[in-house]
Every structure is written in C-alpha cells, then in structure tokens.
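Below is work-v5.tsv, which holds TSV, C-alpha atoms and all ligand atoms.
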chain	number	residue	atom	x	y	z
E	107	MET	CA	69.14	-36.92	-213.47
E	108	SER	CA	66.53	-34.25	-212.68
E	109	LYS	CA	64.73	-31.67	-214.77
E	110	LEU	CA	64.42	-28.36	-212.98
E	111	LEU	CA	62.12	-25.54	-213.93
E	112	VAL	CA	63.73	-22.41	-212.49
E	113	THR	CA	61.59	-19.27	-212.53
E	114	GLY	CA	63.33	-15.88	-212.47
E	115	GLY	CA	66.65	-17.46	-213.39
E	116	ALA	CA	67.88	-14.33	-215.18
E	117	GLY	CA	67.80	-12.31	-211.95
E	118	PHE	CA	70.43	-12.00	-209.25
E	119	ILE	CA	69.90	-15.10	-207.11
E	120	GLY	CA	68.30	-17.21	-209.85
E	121	SER	CA	71.29	-16.81	-212.18
E	122	ASN	CA	73.76	-17.53	-209.37
E	123	PHE	CA	71.66	-20.61	-208.59
E	124	ILE	CA	71.81	-21.86	-212.20
E	125	HIS	CA	75.61	-21.44	-212.29
E	126	TYR	CA	75.87	-23.17	-208.92
E	127	TRP	CA	73.54	-26.00	-209.95
E	128	PHE	CA	75.41	-26.87	-213.16
E	129	LYS	CA	78.68	-26.93	-211.21
E	130	GLU	CA	77.27	-29.31	-208.59
E	131	HIS	CA	74.85	-31.32	-210.79
E	132	PRO	CA	76.28	-31.20	-214.33
E	133	ASP	CA	73.96	-33.91	-215.67
E	134	ASP	CA	70.72	-32.19	-214.68
E	135	GLN	CA	68.55	-30.21	-217.08
E	136	ILE	CA	67.39	-26.68	-216.36
E	137	THR	CA	64.65	-24.70	-218.05
E	138	ASN	CA	64.73	-21.05	-217.04
E	139	LEU	CA	61.41	-19.19	-217.31
E	140	ASP	CA	61.93	-15.45	-216.99
E	141	ALA	CA	59.96	-12.44	-218.24
E	142	LEU	CA	63.16	-10.33	-218.47
E	143	THR	CA	61.79	-7.37	-216.56
E	144	TYR	CA	64.20	-4.52	-215.75
E	145	ALA	CA	65.78	-6.97	-213.23
E	146	GLY	CA	66.32	-9.88	-215.63
E	147	ASN	CA	69.52	-10.02	-217.63
E	148	LEU	CA	70.64	-12.81	-219.95
E	149	ASP	CA	74.24	-11.56	-219.68
E	150	ASN	CA	74.26	-13.23	-216.24
E	151	LEU	CA	74.07	-16.59	-218.00
E	152	LYS	CA	76.12	-16.15	-221.15
E	153	GLU	CA	78.72	-18.79	-220.13
E	154	ILE	CA	76.06	-21.53	-220.00
E	155	ALA	CA	73.55	-20.24	-222.58
E	156	ALA	CA	74.66	-22.72	-225.24
E	157	ASN	CA	74.72	-25.79	-222.96
E	158	SER	CA	72.61	-28.62	-224.37
E	159	ASN	CA	71.01	-29.21	-220.95
E	160	TYR	CA	69.93	-25.56	-220.56
E	161	THR	CA	66.87	-23.90	-222.13
E	162	PHE	CA	65.73	-20.32	-221.75
E	163	VAL	CA	62.05	-19.41	-222.18
E	164	LYS	CA	61.05	-15.76	-222.15
E	165	GLY	CA	57.65	-15.64	-220.51
E	166	ASP	CA	55.51	-14.42	-217.66
E	167	ILE	CA	54.73	-16.68	-214.69
E	168	CYS	CA	51.23	-15.15	-214.71
E	169	ASN	CA	50.55	-16.78	-218.10
E	170	PRO	CA	48.88	-20.18	-217.42
E	171	GLU	CA	49.52	-21.57	-220.92
E	172	ILE	CA	53.28	-21.09	-220.84
E	173	VAL	CA	53.48	-22.20	-217.23
E	174	ASP	CA	51.38	-25.36	-217.61
E	175	GLU	CA	53.50	-26.82	-220.39
E	176	LEU	CA	56.79	-26.10	-218.63
E	177	VAL	CA	55.62	-27.41	-215.27
E	178	GLU	CA	54.38	-30.62	-216.89
E	179	ALA	CA	57.82	-31.22	-218.43
E	180	ALA	CA	59.72	-30.64	-215.14
E	181	ASP	CA	60.43	-32.80	-212.09
E	182	ILE	CA	60.96	-29.90	-209.68
E	183	ILE	CA	59.98	-26.23	-209.77
E	184	VAL	CA	62.37	-23.83	-208.04
E	185	HIS	CA	60.49	-20.54	-207.84
E	186	PHE	CA	62.61	-17.37	-207.65
E	187	ALA	CA	60.68	-15.06	-210.00
E	188	ALA	CA	59.42	-11.98	-208.18
E	189	GLU	CA	59.40	-8.26	-208.04
E	190	SER	CA	62.07	-7.99	-205.36
E	191	HIS	CA	62.87	-4.36	-204.51
E	192	VAL	CA	61.19	-2.70	-201.51
E	193	ASP	CA	61.70	0.87	-202.76
E	194	ARG	CA	60.02	0.04	-206.08
E	195	SER	CA	57.12	-1.56	-204.19
E	196	ILE	CA	56.56	1.77	-202.45
E	197	LEU	CA	56.56	3.67	-205.75
E	198	GLY	CA	54.34	1.13	-207.55
E	199	PRO	CA	52.87	-1.81	-205.60
E	200	GLU	CA	50.67	-3.30	-208.35
E	201	ALA	CA	53.34	-5.31	-210.17
E	202	PHE	CA	54.28	-6.88	-206.81
E	203	VAL	CA	50.77	-8.20	-206.22
E	204	GLU	CA	50.57	-9.38	-209.82
E	205	THR	CA	53.87	-11.29	-210.03
E	206	ASN	CA	54.41	-12.31	-206.44
E	207	VAL	CA	50.87	-13.35	-205.55
E	208	LYS	CA	49.13	-14.11	-208.86
E	209	GLY	CA	52.26	-15.50	-210.53
E	210	THR	CA	52.84	-17.87	-207.61
E	211	PHE	CA	49.18	-18.91	-207.77
E	212	VAL	CA	49.45	-19.72	-211.50
E	213	LEU	CA	52.54	-21.85	-210.85
E	214	LEU	CA	50.87	-23.62	-207.93
E	215	GLU	CA	47.83	-24.48	-210.03
E	216	ALA	CA	50.05	-26.09	-212.67
E	217	ALA	CA	52.10	-27.89	-210.02
E	218	ARG	CA	48.88	-29.22	-208.48
E	219	LYS	CA	47.54	-30.39	-211.85
E	220	HIS	CA	50.76	-32.29	-212.61
E	221	ASN	CA	51.66	-33.12	-208.97
E	222	LYS	CA	55.15	-31.64	-209.06
E	223	ARG	CA	57.59	-30.85	-206.27
E	224	PHE	CA	57.50	-27.10	-205.67
E	225	HIS	CA	60.19	-25.14	-203.87
E	226	HIS	CA	59.32	-21.55	-203.01
E	227	VAL	CA	62.13	-19.05	-202.47
E	228	SER	CA	61.04	-16.43	-199.98
E	229	THR	CA	62.38	-13.80	-197.65
E	230	ASP	CA	62.86	-13.02	-193.95
E	231	GLU	CA	61.04	-9.71	-194.59
E	232	VAL	CA	57.67	-11.50	-194.21
E	233	PHE	CA	58.27	-11.49	-190.43
E	234	GLY	CA	58.45	-7.70	-190.17
E	235	ALA	CA	61.06	-6.06	-187.96
E	236	LEU	CA	62.93	-6.85	-184.75
E	237	PRO	CA	63.89	-4.22	-182.18
E	238	LEU	CA	67.45	-2.85	-182.15
E	239	ASP	CA	69.72	-3.99	-179.33
E	240	SER	CA	67.82	-7.21	-178.69
E	241	GLU	CA	68.97	-10.81	-178.91
E	242	GLU	CA	65.75	-11.81	-180.67
E	243	LYS	CA	65.92	-13.55	-184.05
E	244	PHE	CA	63.34	-14.77	-186.56
E	245	THR	CA	62.61	-18.50	-186.36
E	246	GLU	CA	60.30	-20.84	-188.29
E	247	LYS	CA	57.70	-20.14	-185.57
E	248	THR	CA	57.75	-16.33	-185.86
E	249	LEU	CA	54.38	-14.90	-186.85
E	250	TYR	CA	54.08	-13.07	-190.16
E	251	GLU	CA	53.95	-9.27	-189.91
E	252	PRO	CA	55.03	-7.80	-193.26
E	253	HIS	CA	55.32	-4.01	-193.56
E	254	SER	CA	56.03	-3.14	-197.21
E	255	PRO	CA	53.98	-3.96	-200.31
E	256	TYR	CA	56.93	-6.19	-201.31
E	257	SER	CA	57.01	-8.19	-198.08
E	258	ALA	CA	53.20	-8.33	-197.91
E	259	SER	CA	53.07	-9.79	-201.43
E	260	LYS	CA	55.78	-12.33	-200.55
E	261	ALA	CA	53.86	-13.22	-197.37
E	262	GLY	CA	50.75	-13.77	-199.51
E	263	SER	CA	52.71	-16.11	-201.77
E	264	ASP	CA	54.10	-18.06	-198.80
E	265	HIS	CA	50.60	-18.55	-197.41
E	266	LEU	CA	49.34	-19.80	-200.78
E	267	VAL	CA	52.21	-22.29	-201.08
E	268	ARG	CA	51.56	-23.64	-197.58
E	269	ALA	CA	47.80	-23.80	-198.27
E	270	TYR	CA	48.41	-25.91	-201.40
E	271	HIS	CA	50.30	-28.40	-199.24
E	272	THR	CA	47.69	-28.53	-196.48
E	273	THR	CA	44.66	-28.59	-198.79
E	274	PHE	CA	45.88	-30.41	-201.88
E	275	ASP	CA	48.85	-32.33	-200.49
E	276	LEU	CA	51.19	-30.60	-202.96
E	277	PRO	CA	54.81	-31.57	-202.18
E	278	ILE	CA	56.24	-28.18	-201.26
E	279	THR	CA	59.14	-26.69	-199.32
E	280	ILE	CA	59.74	-23.02	-198.48
E	281	THR	CA	62.92	-21.14	-197.60
E	282	ASN	CA	62.95	-17.66	-196.07
E	283	CYS	CA	66.37	-16.11	-196.50
E	284	SER	CA	68.04	-12.94	-195.27
E	285	ASN	CA	69.78	-10.27	-197.42
E	286	ASN	CA	72.03	-11.66	-200.14
E	287	PHE	CA	75.02	-9.99	-201.76
E	288	GLY	CA	77.41	-11.02	-204.53
E	289	PRO	CA	77.89	-10.85	-208.30
E	290	TYR	CA	75.01	-9.95	-210.66
E	291	GLN	CA	73.06	-8.04	-208.00
E	292	HIS	CA	71.22	-5.11	-209.57
E	293	PRO	CA	72.80	-1.70	-208.77
E	294	GLU	CA	69.52	-0.56	-207.23
E	295	LYS	CA	70.24	-2.68	-204.11
E	296	PHE	CA	72.22	-1.30	-201.12
E	297	ILE	CA	75.65	-2.95	-201.50
E	298	PRO	CA	76.00	-2.72	-205.31
E	299	ARG	CA	74.53	0.80	-205.27
E	300	MET	CA	77.23	1.88	-202.82
E	301	ILE	CA	80.03	0.15	-204.76
E	302	THR	CA	78.99	1.57	-208.13
E	303	ASN	CA	78.42	5.07	-206.69
E	304	LEU	CA	81.93	5.01	-205.23
E	305	ILE	CA	83.47	3.75	-208.48
E	306	ASP	CA	81.76	6.73	-210.15
E	307	GLY	CA	83.17	9.17	-207.55
E	308	ASP	CA	79.72	9.69	-205.99
E	309	LYS	CA	78.68	9.25	-202.37
E	310	VAL	CA	76.96	6.31	-200.73
E	311	LYS	CA	73.37	7.11	-199.77
E	312	ILE	CA	72.39	6.14	-196.24
E	313	TYR	CA	68.69	6.10	-195.46
E	314	GLY	CA	67.64	7.80	-192.20
E	315	ASP	CA	70.09	7.39	-189.32
E	316	GLY	CA	71.82	4.35	-190.91
E	317	LYS	CA	71.17	2.26	-187.79
E	318	TYR	CA	69.17	-0.33	-189.71
E	319	VAL	CA	70.40	-3.89	-189.40
E	320	ARG	CA	70.37	-6.60	-192.05
E	321	ASP	CA	71.66	-10.18	-191.82
E	322	TRP	CA	73.99	-10.47	-194.84
E	323	LEU	CA	74.61	-13.76	-196.65
E	324	TYR	CA	76.83	-14.40	-199.68
E	325	VAL	CA	74.60	-15.55	-202.54
E	326	THR	CA	76.36	-18.93	-203.07
E	327	ASP	CA	75.53	-19.87	-199.48
E	328	HIS	CA	71.85	-19.24	-200.27
E	329	CYS	CA	72.16	-21.52	-203.35
E	330	ARG	CA	73.81	-24.22	-201.20
E	331	ALA	CA	70.96	-23.98	-198.70
E	332	ILE	CA	68.30	-24.38	-201.42
E	333	ASP	CA	70.25	-27.39	-202.73
E	334	ALA	CA	70.21	-28.94	-199.24
E	335	VAL	CA	66.45	-28.41	-199.00
E	336	LEU	CA	65.83	-29.88	-202.46
E	337	GLN	CA	67.95	-32.95	-201.65
E	338	LYS	CA	67.13	-33.56	-197.99
E	339	GLY	CA	64.34	-31.19	-196.93
E	340	LYS	CA	61.14	-32.56	-195.46
E	341	ILE	CA	58.07	-32.04	-197.61
E	342	GLY	CA	55.73	-29.37	-196.20
E	343	GLU	CA	58.48	-27.75	-194.13
E	344	THR	CA	59.88	-24.24	-194.00
E	345	TYR	CA	63.57	-23.51	-193.42
E	346	LEU	CA	65.05	-20.14	-192.47
E	347	ILE	CA	68.43	-19.21	-193.96
E	348	GLY	CA	70.67	-16.49	-192.56
E	349	GLY	CA	74.17	-15.14	-192.52
E	350	MET	CA	77.08	-14.68	-190.19
E	351	THR	CA	76.91	-10.92	-189.62
E	352	ASP	CA	75.88	-10.26	-186.07
E	353	ASP	CA	73.99	-6.99	-186.11
E	354	VAL	CA	76.12	-5.00	-188.56
E	355	ASN	CA	74.16	-1.86	-189.35
E	356	ASN	CA	74.04	-0.11	-192.73
E	357	LEU	CA	76.46	2.60	-191.64
E	358	ALA	CA	78.98	-0.04	-190.53
E	359	VAL	CA	78.64	-1.85	-193.89
E	360	ALA	CA	79.35	1.47	-195.65
E	361	GLN	CA	82.40	2.04	-193.43
E	362	ILE	CA	83.83	-1.44	-194.17
E	363	LEU	CA	83.38	-0.75	-197.87
E	364	LEU	CA	84.97	2.71	-197.71
E	365	GLU	CA	87.98	1.30	-195.88
E	366	TYR	CA	88.50	-1.40	-198.52
E	367	MET	CA	88.14	1.15	-201.31
E	368	ASN	CA	90.57	3.56	-199.55
E	369	LEU	CA	87.96	6.29	-199.24
E	370	GLY	CA	86.93	8.49	-196.32
E	371	GLU	CA	83.70	9.17	-194.48
E	372	ASP	CA	83.20	12.34	-196.52
E	373	LYS	CA	81.76	9.89	-199.09
E	374	ILE	CA	78.72	9.22	-196.86
E	375	GLU	CA	75.51	11.14	-197.52
E	376	TYR	CA	72.42	10.78	-195.35
E	377	VAL	CA	69.21	10.84	-197.39
E	378	LYS	CA	65.46	10.62	-196.77
E	379	ASP	CA	64.41	7.46	-194.96
E	380	ARG	CA	62.39	4.66	-196.55
E	381	PRO	CA	58.71	4.82	-195.44
E	382	GLY	CA	57.91	1.92	-193.10
E	383	HIS	CA	61.63	1.01	-192.92
E	384	ASP	CA	62.16	-2.23	-190.98
E	385	ARG	CA	64.67	-1.60	-188.18
E	386	ARG	CA	66.38	-4.94	-187.80
E	387	TYR	CA	66.44	-8.42	-189.33
E	388	ALA	CA	68.25	-11.36	-187.75
E	389	VAL	CA	67.74	-15.00	-188.66
E	390	ASP	CA	68.06	-18.03	-186.43
E	391	TRP	CA	69.18	-20.72	-188.89
E	392	ARG	CA	69.60	-23.54	-186.38
E	393	LYS	CA	66.85	-25.71	-187.95
E	394	ILE	CA	68.50	-26.02	-191.37
E	395	ASN	CA	71.88	-26.40	-189.66
E	396	LYS	CA	70.70	-29.22	-187.40
E	397	ASN	CA	68.39	-31.05	-189.83
E	398	LEU	CA	70.16	-30.54	-193.17
E	399	ASP	CA	73.73	-29.85	-192.06
E	400	TRP	CA	73.92	-26.43	-193.75
E	401	GLU	CA	75.88	-23.44	-192.53
E	402	PRO	CA	77.26	-20.36	-194.29
E	403	GLN	CA	80.78	-20.82	-195.64
E	404	HIS	CA	81.59	-17.33	-196.93
E	405	THR	CA	82.70	-14.70	-194.42
E	406	PHE	CA	81.18	-11.25	-194.83
E	407	ALA	CA	84.32	-9.06	-194.94
E	408	GLN	CA	86.24	-11.28	-197.37
E	409	TRP	CA	83.35	-11.80	-199.76
E	410	LEU	CA	82.34	-8.16	-199.63
E	411	GLN	CA	85.85	-7.39	-200.93
E	412	LYS	CA	85.47	-10.01	-203.66
E	413	THR	CA	82.14	-8.45	-204.57
E	414	VAL	CA	83.76	-5.01	-204.87
E	415	ASP	CA	86.41	-6.58	-207.13
E	416	TRP	CA	83.66	-8.18	-209.26
E	417	TYR	CA	81.89	-4.82	-209.80
E	418	ARG	CA	85.24	-3.18	-210.62
E	419	ALA	CA	85.94	-5.88	-213.22
E	420	ASN	CA	82.42	-5.94	-214.69
E	421	GLU	CA	81.56	-2.31	-215.32
E	422	SER	CA	80.04	-3.16	-218.70
E	423	TRP	CA	77.53	-5.39	-216.85
E	424	TRP	CA	76.20	-2.79	-214.41
E	425	ARG	CA	76.74	0.47	-216.31
E	426	PRO	CA	73.59	0.18	-218.52
E	427	LEU	CA	71.41	-0.61	-215.45
E	428	LYS	CA	72.63	2.17	-213.21
E	429	ALA	CA	71.17	5.22	-215.00
E	430	GLU	CA	67.62	3.84	-214.83
E	431	SER	CA	67.84	2.89	-211.15
E	432	GLU	CA	69.27	6.30	-210.17
E	433	LYS	CA	66.37	7.90	-212.06
E	434	MET	CA	64.02	5.82	-209.90
E	435	TYR	CA	65.79	7.09	-206.75
E	436	LYS	CA	65.43	10.68	-207.93
E	437	GLN	CA	61.68	10.06	-207.96
E	438	SER	CA	61.73	8.81	-204.35
E	439	GLY	CA	64.14	11.54	-203.22
E	440	GLN	CA	66.79	9.03	-202.18
W	501	LIG	P1	65.74	-10.07	-208.92
W	501	LIG	O1	64.84	-8.88	-208.89
W	501	LIG	O2	67.19	-9.85	-209.12
W	501	LIG	O3	65.27	-11.09	-210.05
W	501	LIG	C1	63.92	-11.39	-210.26
W	501	LIG	C2	63.82	-12.13	-211.59
W	501	LIG	O4	62.45	-12.50	-211.78
W	501	LIG	C3	64.22	-11.28	-212.81
W	501	LIG	O5	65.05	-12.03	-213.66
W	501	LIG	C4	62.90	-10.93	-213.46
W	501	LIG	O6	63.00	-10.75	-214.86
W	501	LIG	C5	62.07	-12.16	-213.11
W	501	LIG	N1	60.62	-11.85	-213.12
W	501	LIG	C6	59.98	-10.81	-212.52
W	501	LIG	N2	58.66	-10.87	-212.77
W	501	LIG	C7	58.46	-11.98	-213.54
W	501	LIG	C8	57.30	-12.56	-214.10
W	501	LIG	N3	56.08	-12.04	-213.95
W	501	LIG	N4	57.45	-13.72	-214.81
W	501	LIG	C9	58.69	-14.27	-214.98
W	501	LIG	N5	59.81	-13.73	-214.47
W	501	LIG	C10	59.71	-12.60	-213.76
W	501	LIG	O7	65.46	-10.85	-207.56
W	501	LIG	P2	66.47	-11.63	-206.60
W	501	LIG	O8	67.09	-10.66	-205.67
W	501	LIG	O9	67.30	-12.52	-207.42
W	501	LIG	O10	65.42	-12.48	-205.75
W	501	LIG	C11	64.98	-13.74	-206.23
W	501	LIG	C12	63.99	-14.33	-205.24
W	501	LIG	O11	64.62	-14.47	-203.97
W	501	LIG	C13	62.75	-13.47	-205.00
W	501	LIG	O12	61.64	-14.32	-204.88
W	501	LIG	C14	63.04	-12.75	-203.69
W	501	LIG	O13	61.85	-12.45	-203.02
W	501	LIG	C15	63.86	-13.82	-202.97
W	501	LIG	N6	64.82	-13.32	-201.97
W	501	LIG	C16	65.74	-12.35	-202.31
W	501	LIG	C17	66.68	-11.95	-201.36
W	501	LIG	C18	67.74	-10.91	-201.70
W	501	LIG	O14	68.49	-10.51	-200.82
W	501	LIG	N7	67.85	-10.45	-202.94
W	501	LIG	C19	66.69	-12.54	-200.10
W	501	LIG	C20	65.72	-13.52	-199.80
W	501	LIG	C21	64.81	-13.91	-200.75
W	502	LIG	O1	65.87	-9.53	-196.29
W	502	LIG	C1	65.79	-10.07	-197.56
W	502	LIG	C2	65.45	-8.98	-198.55
W	502	LIG	O2	66.63	-8.21	-198.73
W	502	LIG	C3	64.94	-9.50	-199.89
W	502	LIG	O3	63.73	-10.15	-199.69
W	502	LIG	C4	64.76	-8.35	-200.89
W	502	LIG	O4	64.39	-8.87	-202.15
W	502	LIG	C5	66.07	-7.60	-201.01
W	502	LIG	O5	65.91	-6.48	-201.86
W	502	LIG	C6	66.53	-7.13	-199.62
W	502	LIG	O6	65.64	-6.12	-199.10
W	502	LIG	P1	66.19	-4.84	-198.30
W	502	LIG	O7	65.18	-3.78	-198.38
W	502	LIG	O8	66.70	-5.23	-196.96
W	502	LIG	O9	67.49	-4.52	-199.24
W	502	LIG	P2	68.07	-3.17	-199.87
W	502	LIG	O10	69.34	-3.57	-200.55
W	502	LIG	O11	67.07	-2.42	-200.64
W	502	LIG	O12	68.42	-2.32	-198.56
W	502	LIG	C7	69.24	-2.83	-197.52
W	502	LIG	C8	69.27	-1.79	-196.40
W	502	LIG	O13	69.98	-0.63	-196.85
W	502	LIG	C9	67.90	-1.30	-195.97
W	502	LIG	O14	67.95	-1.00	-194.57
W	502	LIG	C10	67.72	0.01	-196.75
W	502	LIG	C11	69.14	0.55	-196.81
W	502	LIG	N1	69.53	1.36	-197.98
W	502	LIG	C12	69.24	0.89	-199.23
W	502	LIG	C13	69.66	1.57	-200.36
W	502	LIG	C14	69.34	1.06	-201.75
W	502	LIG	C15	70.26	2.53	-197.80
W	502	LIG	O15	70.54	2.97	-196.65
W	502	LIG	N2	70.70	3.20	-198.91
W	502	LIG	C16	70.42	2.77	-200.18
W	502	LIG	O16	70.87	3.42	-201.15

Is it possible to give me this structure as structure tokens?
Ligand code: NAD
Ligand code: DAU
Amino acid sequence: MSKLLVTGGAGFIGSNFIHYWFKEHPDDQITNLDALTYAGNLDNLKEIAANSNYTFVKGDICNPEIVDELVEAADIIVHFAAESHVDRSILGPEAFVETNVKGTFVLLEAARKHNKRFHHVSTDEVFGALPLDSEEKFTEKTLYEPHSPYSASKAGSDHLVRAYHTTFDLPITITNCSNNFGPYQHPEKFIPRMITNLIDGDKVKIYGDGKYVRDWLYVTDHCRAIDAVLQKGKIGETYLIGGMTDDVNNLAVAQILLEYMNLGEDKIEYVKDRPGHDRRYAVDWRKINKNLDWEPQHTFAQWLQKTVDWYRANESWWRPLKAESEKMYKQSGQ
C-alpha cells in the first residue's frame, strides 16, 4: 500500500488521475493538495470525496509549512499543480512563474528534506515548435526551447527537478506529455471550448490560419503512462508521452467535431492568432513504449465523440465556468 500526495488533483488531469488511481490501486491512500484556483473544481471528485483513503487539503504549493507536513506523510509525490493555460500566461505571466517555478521549488525542498520519490508532470511545450510538413518529432534528447510564459515556466520547473536529482540525489522522474482531452477539461481549452460553443449555438474560434498541429491524447492514457513510470520507471529518467493523431491540425479537429455534431462549416470563425503560437507538436513515445510497455489505447475519433457526449450530459459542470473564460477571451480578442 502506498501513500500518494497528488498536487493539483482538483484540475483536469489530476482529477482524472485520482479516479484512475483508485480504480487500479483501491488500497492506496491519496492526499490531494490543491489551491482551488479558477481551474480547480471539487465537483470533479465528488464520487470519491467521502472515501476513507482520500483526503483533500485546500492549500498553495508555494506555502512551505503546508507542503512540508504533507510531503513528510507521503511515500510518493505526483506533481500536477500548475497554471496550465497558454493564453492566460500571455495576459498575466506572474502567476505562472509563482506556481510553476516557485511552487515546484517549495515541493522539491520538502521532498529533499524527507527524501521522497518525486514525479513531475510536465509538457511537450518545453521543446518549442516543430516545422509543418516535417517528419520530425520531439524525443527525450530534444533541446528545450520554450516560447510562451507558460512553457518557459514549465521548462524552469523541469530543470529544477532534474537539478535536484543530479545535485542532491533526489529520486525523481519526469514525464512530458502532449495535449490531453477528455472529461473535466476546463472550457477555456480548445476542444471543450469548441464543444460548449457549439452546444450554445455559437461558432468555434480558430486562431490564425488553423494549420497548427497538436498531438492529441485521451486523458486516461496519460494517467496510465504516469502509472507505468511510477511502477517501473528508472529514477532520474524522463519519458515523453504522446498520442496517436498523426498531424491533425486544429481546423481538421474542428471539422471532425462539426461532423459528429451534425453541423456545417458555417460554424467556423477565424479569430486573431495567439502571439508566439507554436506551429506543430509531435511526440516520439518510443522510449516509454519500449522500456515500460506503454502505448495509447484510446483512438482519437471515438474518444472525441465520447468527450462530446460527456459535455452534453454534464452541462451543469461546465456552465458556471464558461462565462468567466469567455470574458477572458474578450480581453485577448479571441
Ligand atoms: P488544470 O489547469 O486543469 O489544473 C491545475 C490544478 O492545479 C487546478 O486544480 C488548480 O487549482 C491547481 N493549482 C494551481 N495553482 C496551484 C497552487 N499554487 N497550489 C496548489 N494548487 C494549484 O491543469 P491540467 O490541464 O490538469 O494540467 C495538469 C498538469 O499537467 C500541469 O502541470 C500541466 O502543465 C501538465 N500537462 C497538461 C497537459 C494538458 O493537455 N492539459 C499536457 C501535458 C502536461
Ligand atoms: O502540449 C501540451 C499542452 O497542451 C499543455 O501543456 C497545456 O497545459 C495545455 O493547455 C495544452 O496547450 P495548448 O496551447 O496546445 O492547448 P489549447 O487547448 O489552449 O490550444 C490547442 C490549439 O488550439 C492551439 O494551437 C491553439 C488553438 N486554439 C485554442 C483555443 C482555446 C484555437 O484555435 N482556438 C481556441 O479557441
């Protein structure tokens, strides 16, 4: 039996991870430390909130007192908590430096003091952008070249985690994953924003020319990959995690969605591009496949449809979040 300290467990991936973990490891204990920012939502966890092996602590990862006590009591720290949205990092970068860099530092200091296993959940965005129409993919050897305040702050956190291993011998692992989709994703993000706009009779908003490529992965596959790393990963190593979509651009994702929702292309609206917009991400996940026997199990088209069905069935979940995020987009002109 293990005791996990999950940070950011009330967010999109963290809450999916907690549900996944209790299904796969029902005897383990989880403490979820989350500050409940605009992105944190305890509704994501209401089915397990009363479980005797689950504890929620509302708190900031930048607070050393809260963090120290919780880290001491845990066997493993699984660190999801972050400011995660690129567009918000352009409007207000400070919170990204604070949570993503300082918060990670505070957790690392506690992990070092108590010598705890530390798993850092990171992103493929730290590698910057790949050219369109190339075969090139990110690998564990790709140099860091982040472009947004979000990806730069995540890159800073990755470097700190690796430094704590090299310098202090802290038992760490890092995963850098591509774009996730699935239930409980905030309606500010591309796929849920499109779905909820269309449910409301509005148009999908496509930034720039729409020929931006992301490597989509269903969220449960990300959780399975983190599980594989926690169980079998080599200490000190980084593993890249990616999906099965081969160069599907944003416009094509919108078209697949419109077809499933029986709507036409008149529902597409081109809006102002994101400053510094990364052209293409693609992840080579052969290392985790070969060494830890992981591969994605959920096909994009089928699970995109299931995701649409989830948002249709859970309007009361996303409705209160949508007005605030659309206000944010009004500010950025998108
Ligand atoms: P999210 O924005 O949905 O959730 C973030 C959670 O962290 C929220 O519950 C929020 O309340 C909490 N949080 C924020 N600041 C905090 C603080 N100072 N102290 C404690 N809690 C705080 O994010 P997500 O999409 O679930 O991403 C989770 C992690 O996965 C992030 O580290 C992100 O960089 C990484 N990641 C995300 C994706 C993706 O596609 N969403 C892909 C790869 C990696
Ligand atoms: O690659 C992993 C990253 O994926 C994670 O680290 C981030 O936390 C996560 O937010 C995500 O970042 P992106 O910037 O790629 O995701 P987002 O959903 O914001 O946008 C996906 C693409 O869609 C991107 O090219 C911008 C575009 N877009 C986005 C929105 C919200 C649009 O064209 N229209 C939109 O309305």

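The space separating CA of Thr344 in chain E from CA of Ser259 in chain E comes to 17.6 Å.
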
Near-ligand residues for ligand LIG 501 (chain W), threshold 8 Å, only C-alpha atoms and all ligand atoms, as a PyMOL selection string: chain E and resi 113-121+139-147+164-168+185-191+204-206+209+226-231+260+282-287+290-292

Please provide as a ChimeraX atom specification all residues within 9 Å of range 421-426 of chain E, with the sequence filter that same-chain residues fewer than 4 positions apart are discarded (counting all atoms listed in the file). /E:149-150,290-293,302,416-417,430

I'd like the neighbourhood of Asp352 in chain E as an NGL selection string, where a residue qualifies if any of its atoms comes within 12 Å (using only C-alpha atoms), though same-chain residues fewer than 2 positions away should be ignored. :E and (238-243 or 319-323 or 348-350 or 354-355 or 358-359 or 386-390 or 405-406)

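Atom to atom, CA of Gly382 in chain E and atom O13 of ligand LIG 502 (chain W) stand 12.9 Å apart.
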
Proximity to Glu215 in chain E - best of E:Val414, E:Val184, E:Ala235, E:Val267, all atoms listed in the file: E:Val267

Near Leu213 in chain E, within 9 Å and counting all atoms listed in the file, which residues show up once chain neighbours fewer than 5 positions away are dropped, as a count of residues only? 11

Kindly compute an axis-aligned box around the listed atoms of range 332-343 of chain E, allowing 8 Å on each side, and express its centre and edge lengths in Å to one decimal as JSON.
{"center_x": 63.0, "center_y": -29.0, "center_z": -198.4, "size_x": 30.5, "size_y": 25.2, "size_z": 24.6}

Any idea what the distance is between CA of Ile312 in chain E and atom C12 of ligand LIG 502 (chain W)?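 Taking CA of Ile312 in chain E and atom C12 of ligand LIG 502 (chain W), their separation equals 6.8 Å.
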
Of the candidates E:Asn303, E:Thr245, E:Asn356, E:Gln135, which one gets nearest to Phe162 in chain E if we count all atoms listed in the file?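 Counting all atoms listed in the file, the residue closest to Phe162 in chain E is E:Gln135.
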
Among the residues E:Lys412, E:Lys295, E:Lys338, E:His383, the one that comes closest to Asn397 in chain E [using all atoms listed in the file]: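 Between E:Lys412, E:Lys295, E:Lys338, E:His383, the residue approaching Asn397 in chain E most closely is E:Lys338.
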
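If all atoms listed in the file are the atoms counted, then among E:Glu175, E:Asp384, E:Asp308, E:Asp275 the closest residue to ligand LIG 502 (chain W) is E:Asp384.
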
Once N, CA and C atoms are restored for range 250-261 of chain E, what would the output be as a CSV table (one decimal), in the frame of the given file?
chain,number,residue,atom,x,y,z
E,250,TYR,N,53.9,-14.0,-189.0
E,250,TYR,CA,54.1,-13.1,-190.2
E,250,TYR,C,53.6,-11.7,-189.8
E,251,GLU,N,54.4,-10.6,-190.1
E,251,GLU,CA,54.0,-9.3,-189.9
E,251,GLU,C,54.6,-8.3,-190.9
E,252,PRO,N,54.3,-8.6,-192.2
E,252,PRO,CA,55.0,-7.8,-193.3
E,252,PRO,C,54.6,-6.3,-193.2
E,253,HIS,N,55.6,-5.5,-193.6
E,253,HIS,CA,55.3,-4.0,-193.6
E,253,HIS,C,55.3,-3.3,-194.9
E,254,SER,N,56.0,-3.8,-195.9
E,254,SER,CA,56.0,-3.1,-197.2
E,254,SER,C,55.1,-3.9,-198.2
E,255,PRO,N,54.7,-3.2,-199.3
E,255,PRO,CA,54.0,-4.0,-200.3
E,255,PRO,C,54.8,-5.2,-200.8
E,256,TYR,N,56.1,-5.0,-200.9
E,256,TYR,CA,56.9,-6.2,-201.3
E,256,TYR,C,56.8,-7.3,-200.3
E,257,SER,N,57.0,-7.1,-199.0
E,257,SER,CA,57.0,-8.2,-198.1
E,257,SER,C,55.6,-8.7,-197.9
E,258,ALA,N,54.6,-7.8,-198.0
E,258,ALA,CA,53.2,-8.3,-197.9
E,258,ALA,C,52.9,-9.3,-199.1
E,259,SER,N,53.4,-8.9,-200.3
E,259,SER,CA,53.1,-9.8,-201.4
E,259,SER,C,53.8,-11.1,-201.3
E,260,LYS,N,55.0,-11.1,-200.8
E,260,LYS,CA,55.8,-12.3,-200.6
E,260,LYS,C,55.1,-13.2,-199.5
E,261,ALA,N,54.6,-12.5,-198.4
E,261,ALA,CA,53.9,-13.2,-197.4
E,261,ALA,C,52.6,-13.9,-198.0
